[in-house]
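Below is one structure; the comments refer to it alone.
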Amino acid sequence: MVNAKNPIPDSQIIANIKIAIGGGINEPRDALLTILYGLLTNPDQFEAVRAQDKWRSAFEEGVRWVAPIQASSRLVMEDTEIRGCLIPKGDTVMTIQASANRDEDCSPTAITPTRCATPNPHQAFGNGPHPCAGAHLPAAQSARFCCRCCSSGFRGWSWWMRRR
């Protein structure tokens, strides 16, 4: 990109690097804490995930339940109609991943964190030509972290489980 005939300006390169670094810190942190909260406040699901070793499924459900990326903008490439609303080519629209992941037309239990189905389609990291490039890394890291901590019984965390 820097050596292209019309390179991206330095300011845009710096902005992209800041987004990549921030995304590598904020979204995995938010996803992991959401998953832990969901599991620790739903002991039956916690036990089912632990018993079935479904940590990756728990990650996918956690990011579906509360998307770490809440919204993103997209450029409309062709005239489109959604539920009777015309969106002309060239308009900019916002996709709201948080809303898409809770679409009750797709799942009657979409509002609660109860599904650890595989596959678990969601929009947590976007899709199409610009999905989150690092989506697989936080999934793997979170699944390993949850597995290690939960399998050891969250040493020192028993107070939380007794609260419920």
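Residue numbers start at 1 in each chain; chains themselves are named A, B, ... in the order of the structure tokens; ligands are numbered from 1 in the order shown.
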Practice task
For Gly24 of chain A, please output as a list in words all residues within 12 Å (counting only C-alpha atoms; exclusion window: fewer than 3 positions along the same chain).
Solution key: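 Everything that qualifies: Ile17, Lys18, Ile19, Ala20, Ile21, Glu27, Pro28, Arg29, Asp30, Ala31, Pro68, Ile69, Cys132, Ala133, Gly134, Ala135, His136, Leu137, Pro138, Ala139 and Gln141 of chain A.
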For the residues in the current selection, export N, CA, C and O atoms as a PDB file, in the first residue's frame.
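Done, and the output landed in again.pdb:
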ATOM      1  N   ILE A  17      -3.398   1.439  11.983  1.00  0.00           N
ATOM      2  CA  ILE A  17      -2.612   0.736  12.997  1.00  0.00           C
ATOM      3  C   ILE A  17      -3.241   0.915  14.374  1.00  0.00           C
ATOM      4  O   ILE A  17      -3.348  -0.037  15.146  1.00  0.00           O
ATOM      5  N   LYS A  18      -3.696   2.126  14.678  1.00  0.00           N
ATOM      6  CA  LYS A  18      -4.357   2.371  15.965  1.00  0.00           C
ATOM      7  C   LYS A  18      -5.612   1.523  16.108  1.00  0.00           C
ATOM      8  O   LYS A  18      -5.886   0.970  17.182  1.00  0.00           O
ATOM      9  N   ILE A  19      -6.381   1.409  15.046  1.00  0.00           N
ATOM     10  CA  ILE A  19      -7.594   0.585  15.085  1.00  0.00           C
ATOM     11  C   ILE A  19      -7.234  -0.875  15.317  1.00  0.00           C
ATOM     12  O   ILE A  19      -7.869  -1.560  16.128  1.00  0.00           O
ATOM     13  N   ALA A  20      -6.205  -1.363  14.631  1.00  0.00           N
ATOM     14  CA  ALA A  20      -5.801  -2.765  14.780  1.00  0.00           C
ATOM     15  C   ALA A  20      -5.306  -3.050  16.199  1.00  0.00           C
ATOM     16  O   ALA A  20      -5.665  -4.068  16.798  1.00  0.00           O
ATOM     17  N   ILE A  21      -4.513  -2.152  16.751  1.00  0.00           N
ATOM     18  CA  ILE A  21      -4.011  -2.355  18.117  1.00  0.00           C
ATOM     19  C   ILE A  21      -5.160  -2.287  19.117  1.00  0.00           C
ATOM     20  O   ILE A  21      -5.290  -3.152  19.987  1.00  0.00           O
ATOM     21  N   GLU A  27     -11.670  -5.657  22.138  1.00  0.00           N
ATOM     22  CA  GLU A  27     -12.693  -6.654  21.823  1.00  0.00           C
ATOM     23  C   GLU A  27     -12.430  -8.002  22.490  1.00  0.00           C
ATOM     24  O   GLU A  27     -13.357  -8.593  23.048  1.00  0.00           O
ATOM     25  N   PRO A  28     -11.187  -8.519  22.490  1.00  0.00           N
ATOM     26  CA  PRO A  28     -10.978  -9.794  23.208  1.00  0.00           C
ATOM     27  C   PRO A  28     -11.271  -9.666  24.705  1.00  0.00           C
ATOM     28  O   PRO A  28     -11.866 -10.559  25.306  1.00  0.00           O
ATOM     29  N   ARG A  29     -10.883  -8.544  25.307  1.00  0.00           N
ATOM     30  CA  ARG A  29     -11.159  -8.325  26.733  1.00  0.00           C
ATOM     31  C   ARG A  29     -12.667  -8.316  26.985  1.00  0.00           C
ATOM     32  O   ARG A  29     -13.166  -8.993  27.884  1.00  0.00           O
ATOM     33  N   ASP A  30     -13.390  -7.540  26.183  1.00  0.00           N
ATOM     34  CA  ASP A  30     -14.835  -7.448  26.360  1.00  0.00           C
ATOM     35  C   ASP A  30     -15.509  -8.804  26.150  1.00  0.00           C
ATOM     36  O   ASP A  30     -16.409  -9.180  26.901  1.00  0.00           O
ATOM     37  N   ALA A  31     -15.069  -9.523  25.130  1.00  0.00           N
ATOM     38  CA  ALA A  31     -15.665 -10.834  24.846  1.00  0.00           C
ATOM     39  C   ALA A  31     -15.417 -11.798  25.998  1.00  0.00           C
ATOM     40  O   ALA A  31     -16.338 -12.467  26.471  1.00  0.00           O
ATOM     41  N   PRO A  68     -18.803  -7.894  20.716  1.00  0.00           N
ATOM     42  CA  PRO A  68     -17.736  -6.966  21.075  1.00  0.00           C
ATOM     43  C   PRO A  68     -17.627  -5.787  20.100  1.00  0.00           C
ATOM     44  O   PRO A  68     -17.196  -4.711  20.474  1.00  0.00           O
ATOM     45  N   ILE A  69     -18.038  -5.992  18.880  1.00  0.00           N
ATOM     46  CA  ILE A  69     -18.112  -4.904  17.898  1.00  0.00           C
ATOM     47  C   ILE A  69     -19.609  -4.620  17.734  1.00  0.00           C
ATOM     48  O   ILE A  69     -20.340  -5.444  17.202  1.00  0.00           O
ATOM     49  N   CYS A 132     -13.796  -8.723  10.814  1.00  0.00           N
ATOM     50  CA  CYS A 132     -12.670  -8.513  11.712  1.00  0.00           C
ATOM     51  C   CYS A 132     -11.578  -9.523  11.371  1.00  0.00           C
ATOM     52  O   CYS A 132     -11.794 -10.732  11.414  1.00  0.00           O
ATOM     53  N   ALA A 133     -10.419  -9.011  11.025  1.00  0.00           N
ATOM     54  CA  ALA A 133      -9.312  -9.882  10.611  1.00  0.00           C
ATOM     55  C   ALA A 133      -8.799 -10.750  11.754  1.00  0.00           C
ATOM     56  O   ALA A 133      -8.254 -11.822  11.529  1.00  0.00           O
ATOM     57  N   GLY A 134      -8.975 -10.296  12.972  1.00  0.00           N
ATOM     58  CA  GLY A 134      -8.456 -11.041  14.115  1.00  0.00           C
ATOM     59  C   GLY A 134      -9.486 -11.850  14.864  1.00  0.00           C
ATOM     60  O   GLY A 134      -9.248 -12.246  15.999  1.00  0.00           O
ATOM     61  N   ALA A 135     -10.623 -12.121  14.270  1.00  0.00           N
ATOM     62  CA  ALA A 135     -11.720 -12.792  14.984  1.00  0.00           C
ATOM     63  C   ALA A 135     -11.326 -14.160  15.529  1.00  0.00           C
ATOM     64  O   ALA A 135     -11.789 -14.554  16.598  1.00  0.00           O
ATOM     65  N   HIS A 136     -10.490 -14.898  14.827  1.00  0.00           N
ATOM     66  CA  HIS A 136     -10.173 -16.254  15.269  1.00  0.00           C
ATOM     67  C   HIS A 136      -9.222 -16.278  16.457  1.00  0.00           C
ATOM     68  O   HIS A 136      -9.281 -17.179  17.287  1.00  0.00           O
ATOM     69  N   LEU A 137      -8.368 -15.276  16.571  1.00  0.00           N
ATOM     70  CA  LEU A 137      -7.414 -15.241  17.674  1.00  0.00           C
ATOM     71  C   LEU A 137      -8.092 -15.089  19.029  1.00  0.00           C
ATOM     72  O   LEU A 137      -7.822 -15.873  19.944  1.00  0.00           O
ATOM     73  N   PRO A 138      -8.999 -14.106  19.204  1.00  0.00           N
ATOM     74  CA  PRO A 138      -9.637 -14.026  20.529  1.00  0.00           C
ATOM     75  C   PRO A 138     -10.485 -15.255  20.840  1.00  0.00           C
ATOM     76  O   PRO A 138     -10.597 -15.644  22.002  1.00  0.00           O
ATOM     77  N   ALA A 139     -11.040 -15.883  19.821  1.00  0.00           N
ATOM     78  CA  ALA A 139     -11.818 -17.102  20.066  1.00  0.00           C
ATOM     79  C   ALA A 139     -10.923 -18.189  20.632  1.00  0.00           C
ATOM     80  O   ALA A 139     -11.256 -18.834  21.632  1.00  0.00           O
ATOM     81  N   GLN A 141      -7.917 -17.806  22.084  1.00  0.00           N
ATOM     82  CA  GLN A 141      -7.370 -17.382  23.374  1.00  0.00           C
ATOM     83  C   GLN A 141      -8.412 -17.514  24.477  1.00  0.00           C
ATOM     84  O   GLN A 141      -8.121 -18.025  25.550  1.00  0.00           O
TER      85      GLN A 141
END
Exercise for the section: Go through A:Leu39, A:Ala98, A:Ala4, A:Ala15 one by one, measure the shortest atom-to-atom distance of each to Lys54 of chain A using only C-alpha atoms, and give the residue with the smallest value. Expected result: A:Leu39
Practice task
Excluding segment 89-95 of chain A and residues on its chain fewer than 3 positions from it, collect all residues at most 12 Å away from it, counting only C-alpha atoms, and give them as a ChimeraX atom specification.
Solution key: /A:69-81,86,98-101,123-128,131
Can you write just those residues out, N, CA and C atoms, as an mmCIF file, in the first residue's frame?
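Saved file out.cif follows:
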data_model
loop_
_atom_site.group_PDB
_atom_site.id
_atom_site.type_symbol
_atom_site.label_atom_id
_atom_site.label_comp_id
_atom_site.auth_asym_id
_atom_site.auth_seq_id
_atom_site.Cartn_x
_atom_site.Cartn_y
_atom_site.Cartn_z
ATOM 1 N N ILE A 69 -18.038 -5.992 18.880
ATOM 2 C CA ILE A 69 -18.112 -4.904 17.898
ATOM 3 C C ILE A 69 -19.609 -4.620 17.734
ATOM 4 N N GLN A 70 -20.052 -3.482 18.208
ATOM 5 C CA GLN A 70 -21.482 -3.188 18.239
ATOM 6 C C GLN A 70 -22.046 -2.758 16.886
ATOM 7 N N ALA A 71 -21.259 -2.029 16.106
ATOM 8 C CA ALA A 71 -21.766 -1.501 14.839
ATOM 9 C C ALA A 71 -20.604 -1.217 13.897
ATOM 10 N N SER A 72 -20.898 -1.201 12.614
ATOM 11 C CA SER A 72 -19.899 -0.805 11.617
ATOM 12 C C SER A 72 -20.619 -0.210 10.416
ATOM 13 N N SER A 73 -19.940 0.694 9.742
ATOM 14 C CA SER A 73 -20.565 1.332 8.574
ATOM 15 C C SER A 73 -20.181 0.576 7.310
ATOM 16 N N ARG A 74 -21.061 0.647 6.344
ATOM 17 C CA ARG A 74 -20.838 0.007 5.049
ATOM 18 C C ARG A 74 -21.379 0.917 3.953
ATOM 19 N N LEU A 75 -20.759 0.858 2.797
ATOM 20 C CA LEU A 75 -21.199 1.598 1.624
ATOM 21 C C LEU A 75 -22.115 0.686 0.813
ATOM 22 N N VAL A 76 -23.292 1.172 0.461
ATOM 23 C CA VAL A 76 -24.246 0.390 -0.322
ATOM 24 C C VAL A 76 -23.760 0.339 -1.770
ATOM 25 N N MET A 77 -23.518 -0.858 -2.277
ATOM 26 C CA MET A 77 -22.925 -1.044 -3.607
ATOM 27 C C MET A 77 -23.956 -1.130 -4.724
ATOM 28 N N GLU A 78 -25.211 -1.421 -4.378
ATOM 29 C CA GLU A 78 -26.276 -1.456 -5.379
ATOM 30 C C GLU A 78 -27.593 -1.138 -4.681
ATOM 31 N N ASP A 79 -28.546 -0.635 -5.428
ATOM 32 C CA ASP A 79 -29.857 -0.359 -4.846
ATOM 33 C C ASP A 79 -30.348 -1.622 -4.147
ATOM 34 N N THR A 80 -30.813 -1.459 -2.937
ATOM 35 C CA THR A 80 -31.220 -2.598 -2.117
ATOM 36 C C THR A 80 -32.520 -2.271 -1.415
ATOM 37 N N GLU A 81 -33.358 -3.266 -1.254
ATOM 38 C CA GLU A 81 -34.589 -3.090 -0.497
ATOM 39 C C GLU A 81 -34.598 -4.080 0.648
ATOM 40 N N LEU A 86 -36.245 1.187 0.671
ATOM 41 C CA LEU A 86 -35.247 1.283 -0.395
ATOM 42 C C LEU A 86 -33.996 1.973 0.128
ATOM 43 N N ALA A 98 -24.999 -5.932 17.291
ATOM 44 C CA ALA A 98 -25.682 -6.244 18.554
ATOM 45 C C ALA A 98 -27.149 -6.591 18.303
ATOM 46 N N SER A 99 -27.788 -5.896 17.382
ATOM 47 C CA SER A 99 -29.191 -6.153 17.066
ATOM 48 C C SER A 99 -29.332 -7.421 16.229
ATOM 49 N N ALA A 100 -28.474 -7.575 15.239
ATOM 50 C CA ALA A 100 -28.547 -8.744 14.361
ATOM 51 C C ALA A 100 -28.395 -10.039 15.150
ATOM 52 N N ASN A 101 -27.554 -10.027 16.154
ATOM 53 C CA ASN A 101 -27.310 -11.231 16.943
ATOM 54 C C ASN A 101 -28.469 -11.579 17.875
ATOM 55 N N GLN A 123 -23.121 -12.261 13.930
ATOM 56 C CA GLN A 123 -22.484 -11.131 13.261
ATOM 57 C C GLN A 123 -21.514 -10.410 14.188
ATOM 58 N N ALA A 124 -21.052 -11.062 15.235
ATOM 59 C CA ALA A 124 -20.246 -10.398 16.252
ATOM 60 C C ALA A 124 -19.011 -9.710 15.692
ATOM 61 N N PHE A 125 -18.392 -10.284 14.683
ATOM 62 C CA PHE A 125 -17.183 -9.703 14.113
ATOM 63 C C PHE A 125 -17.398 -9.215 12.682
ATOM 64 N N GLY A 126 -18.653 -8.997 12.325
ATOM 65 C CA GLY A 126 -18.960 -8.551 10.964
ATOM 66 C C GLY A 126 -18.821 -9.711 9.981
ATOM 67 N N ASN A 127 -19.035 -9.404 8.716
ATOM 68 C CA ASN A 127 -18.849 -10.399 7.655
ATOM 69 C C ASN A 127 -18.718 -9.677 6.326
ATOM 70 N N GLY A 128 -18.720 -10.403 5.245
ATOM 71 C CA GLY A 128 -18.577 -9.789 3.929
ATOM 72 C C GLY A 128 -17.126 -9.452 3.645
ATOM 73 N N PRO A 131 -14.676 -8.332 7.316
ATOM 74 C CA PRO A 131 -14.892 -8.858 8.668
ATOM 75 C C PRO A 131 -13.666 -8.531 9.531
#
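Backbone DSSP over segment 45-81 of chain A yields alpha helix (DSSP H) at Gln45, Phe46, Glu47, Ala48, Val49, Arg50, Ala51, Gln52, Trp55, Arg56, Ser57, Ala58, Phe59, Glu60, Glu61, Gly62, Val63, Arg64 and Trp65 of chain A.
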Would you mind exporting C-alpha atoms of the selected residues as a compact mmCIF listing (two decimals), in the first residue's frame?
# COMPACT_ATOMS: atom_id res chain seq x y z
CA GLN A 45 -24.80 -23.60 31.58
CA PHE A 46 -21.38 -23.33 33.20
CA GLU A 47 -21.55 -26.96 34.31
CA ALA A 48 -22.81 -28.12 30.89
CA VAL A 49 -19.98 -26.31 29.09
CA ARG A 50 -17.40 -27.72 31.50
CA ALA A 51 -18.82 -31.26 31.35
CA GLN A 52 -18.97 -31.29 27.54
CA TRP A 55 -15.39 -23.78 25.49
CA ARG A 56 -15.24 -22.70 21.86
CA SER A 57 -19.04 -22.96 21.63
CA ALA A 58 -19.32 -20.90 24.82
CA PHE A 59 -17.11 -18.25 23.21
CA GLU A 60 -19.27 -18.13 20.07
CA GLU A 61 -22.43 -17.86 22.17
CA GLY A 62 -20.93 -15.15 24.37
CA VAL A 63 -20.01 -12.93 21.41
CA ARG A 64 -23.41 -13.58 19.83
CA TRP A 65 -25.12 -12.59 23.09
Problem - Which residue of A:Asp105, A:Cys85, A:Ala67, A:Gln97 approaches Leu32 of chain A most closely, using only C-alpha atoms - result: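 Ranking A:Asp105, A:Cys85, A:Ala67, A:Gln97 by distance to Leu32 of chain A, first place goes to A:Ala67.
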Problem - Atomic distance atom CA of Pro7 of chain A - atom CA of Gly22 of chain A, expressed in Å with one decimal - result: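 So the answer is 23.6 Å.
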Exercise for the section: Go through segment 36-135 of chain A and collect every residue that DSSP, computed from the backbone, puts in strand (DSSP E); the answer should be as a ChimeraX atom specification. Expected result: /A:71-75,80-82,85-87,92-96
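From atom CA of Val66 of chain A back to atom CA of Asp53 of chain A, the distance works out to 21.6 Å.
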